[in-house]
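Here is the structure we will look at, set down as C-alpha cells.
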Amino acid sequence: MNEIRSLTETLRAERDDALSAWVRLFSDEMGREDSPDPEDFEVLYDALITVVGTERWEEQLAAIEAFARARVAQGFSPDETARMVGTLRTVLFERLGGGEVGDLLAISRLLDRVLRILFEAYVVARDELIARQREDLLEVSTPTMQLWDGIVALPIVGTLDSRRAIAVMESLLNKISETGSGIAIIDVTGVPVVDTLVAQHLIKTIAAARLTGARCILCGIRPQIAQTMVELGIELRDISTAANLAAAFSMALDLRGEIVTAHEGSTS
C-alpha cells in the first residue's frame with residue numbers, strides 16, 4: 001500500500017512537468033508544428049493517477065472511452081493514439097527511472113491496459129461513425145424530387161444492393177405519399193449494371209408504388225443493359241419504359257392529359 005501511495009504521489013507531483021514533456025515529445029515524434037490540445041493529455045494522465053491510487057477502472061472507463069470517441073470524430077488515426085500512450089510511457093520511465101523496478105512494471109501494465117481500452121473504444125466508435133456515414137450517404141444518394149404537380153422522379157446512381165434498395169423504396173413511397181403524386185419516374189441511367197437481383201429490386205419498388213396508387217415509368221435503360229436483361233431472361237411486364245428522363249416526363253404529362261406549350265417570344 002505504501003508503494004502505491006508513493007507512486008501516486010510521485011505522479012501527482014510530476015504532473016505539470018510530465019504533461020509538458022509529454023506534449024513536446026509527442027509533437028516531435030509526430031512531426032507536428034501545431035501544439036496538440038493539452039486537455040487530451042490531461043484526461044489520460046489524470047485517469048492513470050486515479051487508477052494507480054484506487055484500481056477502480058470502472059470510474060475511468062467512461063473518460064477513456066469518451067477520449068477515444070473524440071479522437072475518431074476528429075479524424076485521428078489509431079497509430080497516432082497509440083503513439084500518445086507510447087510517448088507517455090517514455091516520459092514516465094524517465095521520471096521513475098531512479099525508483100523501484102516495481103513502479104516501472106506497474107506503470108507499464110497500466111498503460112498497456114489503457115491502450116487496450118482505447119483501441120476497443122476506438123474500433124466501436126469508428127464502426128458507429130461509418131454506420132452513420134453510410135446512412136447519411138444512403139439518404140443523399142436516393143433523392144426523390146417532384147418534377148410537376150402529380151409527378152415525382154427518382155434518379156438512381158451507383159450500385160443497387162439490397163440495403164440501398166430498401167432506402168430507394170422508402171424514399172419513393174414517402175415522396176409519393178407526401179405529394180399525393182400519381183406518377184413516379186424511376187431513372188436508372190446512372191446504374192452501371194442491371195442483373196437479376198437489381199431487376200428484382202426495381203420490380204419490387206414499382207409494385208410497392210402501385211399499391212399506393214401511383215403508376216411508374218422506368219427510364220434510362222442503356223442498350224448494353226437492355227441486351228443483358230434479355231439474355232438473363234429478365235422481363236419487365238406491365239411496366240412502362242422510356243428511353244430517357246425527358247421522354248419519361250413527356251409520357252407522364254400525356255398520362256395526366258396535360259400539354260406544355262411555349263410562351264410567345266420564347267426561344268427554342
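Letters for chains follow the order of the C-alpha cells (A, B, ...), residue numbers begin at 1 for each chain, and ligand numbers begin at 1 in the order shown.
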For segment 69-173 of chain A versus segment 23-28 of chain A, which residues have an atom no more than 12 Å away, and what is each residue's nearest atom pair and distance in Å rounded to one decimal, using only C-alpha atoms, chain-then-number order, as a tab-separated table?
```
residue	atom	partner	partner_atom	distance
A:Glu80	CA	A:Phe26	CA	9.1
A:Thr81	CA	A:Phe26	CA	10.3
A:Ala82	CA	A:Phe26	CA	10.7
A:Arg83	CA	A:Phe26	CA	7.3
A:Met84	CA	A:Phe26	CA	6.4
A:Val85	CA	A:Phe26	CA	9.4
A:Gly86	CA	A:Phe26	CA	8.8
A:Thr87	CA	A:Phe26	CA	6.0
A:Leu88	CA	A:Phe26	CA	8.4
A:Arg89	CA	A:Leu25	CA	11.0
A:Thr90	CA	A:Leu25	CA	9.0
A:Val91	CA	A:Leu25	CA	8.2
A:Leu92	CA	A:Leu25	CA	11.8
```
What parts of segment 200-232 of chain A does DSSP call strand (DSSP E or B)? I'd like the answer as a short mmCIF file (atom, residue, chain, number, x, y, z; two decimals) with N, CA and C atoms, in the first residue's frame.
```cif
data_model
loop_
_atom_site.label_atom_id
_atom_site.label_comp_id
_atom_site.auth_asym_id
_atom_site.auth_seq_id
_atom_site.Cartn_x
_atom_site.Cartn_y
_atom_site.Cartn_z
N ARG A 215 -48.50 5.21 -60.66
CA ARG A 215 -48.02 4.48 -61.83
C ARG A 215 -46.56 4.84 -62.07
N CYS A 216 -45.74 3.83 -62.37
CA CYS A 216 -44.31 4.07 -62.53
C CYS A 216 -43.89 4.00 -63.99
N ILE A 217 -42.92 4.84 -64.33
CA ILE A 217 -42.29 4.81 -65.64
C ILE A 217 -40.79 4.61 -65.42
N LEU A 218 -40.25 3.56 -66.01
CA LEU A 218 -38.83 3.24 -65.87
C LEU A 218 -38.09 3.77 -67.09
N CYS A 219 -37.05 4.54 -66.85
CA CYS A 219 -36.32 5.11 -67.99
C CYS A 219 -34.82 4.99 -67.76
#
```
Residue nearest Thr159 of chain A among A:His201, A:Arg15, A:Arg116, A:Arg126 (counting only C-alpha atoms):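 Of A:His201, A:Arg15, A:Arg116, A:Arg126, the one nearest Thr159 of chain A, counting only C-alpha atoms, is A:His201.
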So that I can see what lies close to Ala13 of chain A, please list as an NGL selection string the residues with an atom at most 12 Å from it, counting only C-alpha atoms and leaving out residues fewer than 5 positions away in the same chain. :A and (6-8 or 18-19 or 49 or 95-96)
Output of the above residues as an mmCIF file, in the first residue's frame, restricted to C-alpha atoms:
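As written to disk, result04.cif reads:
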```
data_model
loop_
_atom_site.group_PDB
_atom_site.id
_atom_site.type_symbol
_atom_site.label_atom_id
_atom_site.label_comp_id
_atom_site.auth_asym_id
_atom_site.auth_seq_id
_atom_site.Cartn_x
_atom_site.Cartn_y
_atom_site.Cartn_z
ATOM 1 C CA SER A 6 4.305 6.700 -3.077
ATOM 2 C CA LEU A 7 3.802 6.106 -6.818
ATOM 3 C CA THR A 8 0.551 8.080 -6.791
ATOM 4 C CA ALA A 18 5.328 15.397 -17.158
ATOM 5 C CA LEU A 19 2.419 16.779 -19.174
ATOM 6 C CA ILE A 49 -3.301 8.671 -11.414
ATOM 7 C CA ARG A 95 10.997 10.295 -14.306
ATOM 8 C CA LEU A 96 10.711 6.997 -12.457
#
```
Near Ile221 of chain A, counting only C-alpha atoms, which residues have an atom at most 8 Å away, once you skip same-chain residues fewer than 2 positions from it, shown as a PyMOL selection string? chain A and resi 188-189+218-219+223+225-226+243-244
Writing out the chosen residues with N, CA and C atoms as a compact mmCIF listing (two decimals), in the first residue's frame:
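Written file, part10.txt:
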```
# COMPACT_ATOMS: atom_id res chain seq x y z
N VAL A 188 -32.80 5.03 -64.23
CA VAL A 188 -31.66 4.16 -63.90
C VAL A 188 -30.46 4.44 -64.82
N THR A 189 -30.41 5.64 -65.38
CA THR A 189 -29.29 5.98 -66.26
C THR A 189 -27.95 5.82 -65.56
N LEU A 218 -40.25 3.56 -66.01
CA LEU A 218 -38.83 3.24 -65.87
C LEU A 218 -38.09 3.77 -67.09
N CYS A 219 -37.05 4.54 -66.85
CA CYS A 219 -36.32 5.11 -67.99
C CYS A 219 -34.82 4.99 -67.76
N PRO A 223 -28.67 0.55 -74.06
CA PRO A 223 -28.73 -0.61 -74.96
C PRO A 223 -27.98 -1.84 -74.45
N ILE A 225 -27.32 -2.65 -71.36
CA ILE A 225 -28.04 -3.22 -70.22
C ILE A 225 -29.31 -3.92 -70.70
N ALA A 226 -29.97 -3.33 -71.70
CA ALA A 226 -31.18 -3.95 -72.24
C ALA A 226 -30.84 -5.32 -72.83
N ALA A 243 -36.95 5.97 -73.04
CA ALA A 243 -35.53 5.99 -73.35
C ALA A 243 -34.73 6.81 -72.35
N ASN A 244 -35.28 7.96 -71.95
CA ASN A 244 -34.56 8.84 -71.05
C ASN A 244 -35.56 9.63 -70.20
```
Ile259 of chain A environment, 9 Å, only C-alpha atoms, sequence neighbours closer than 5 positions dropped, as a VMD selection string: chain A and resid 250 253 to 254
Residue nearest Glu128 of chain A - candidates A:Ala47, A:Ala73, A:Ile183, A:Ala66, atoms counted: only C-alpha atoms: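 For Glu128 of chain A, the nearest of the candidates is A:Ala73.
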With distances taken over only C-alpha atoms, which of A:Leu111, A:Leu104, A:Ala209, A:Ile186 is nearest to Thr142 of chain A?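 Of A:Leu111, A:Leu104, A:Ala209, A:Ile186, the one nearest Thr142 of chain A is A:Ile186, counting only C-alpha atoms.
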Taking only C-alpha atoms into account, name the residue in A:Asp149, A:Arg134, A:Arg12, A:Ala62 that is nearest to Ala167 of chain A.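 Among A:Asp149, A:Arg134, A:Arg12, A:Ala62, it is A:Arg134 that comes nearest to Ala167 of chain A.
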Which of segment 54-245 of chain A DSSP labels alpha helix (DSSP H), written as a PyMOL selection string: chain A and resi 54+58-73+78-96+101-140+162-179+196-211+223-232+245
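With only C-alpha atoms as the atoms that count, the minimum distance from Ser181 of chain A to the choices A:Ala68, A:Met30, A:Val193, A:Ala153 is reached by A:Ala153.
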Atom CA of Lys204 of chain A to atom CA of Ala131 of chain A, distance in Å rounded to a single decimal: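 These two atoms are separated by 25.3 Å.
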How far is it from atom CA of Arg132 of chain A to atom CA of Val194 of chain A, in Å with one decimal?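 We find that atom CA of Arg132 of chain A and atom CA of Val194 of chain A lie 27.3 Å from each other.
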If you measure from atom CA of Gly180 of chain A to atom CA of Asp161 of chain A, what distance in Å do you get, rounded to one decimal?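 So the two atoms, atom CA of Gly180 of chain A and atom CA of Asp161 of chain A, lie 27.7 Å apart.
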Neighbours of Glu120 of chain A within 12 Å (only C-alpha atoms; same-chain residues fewer than 5 positions away dropped), as a list in words? Leu61, Ile64, Glu65, Ala66, Phe67, Ala68, Arg69, Pro78, Arg113, Val114, Leu115, Ala125, Arg126 and Asp127 of chain A
Residue nearest Val124 of chain A among A:Ala199, A:Ala252, A:Val72, A:Val230 (counting only C-alpha atoms):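 Of the candidates, the smallest distance to Val124 of chain A is held by A:Val72.
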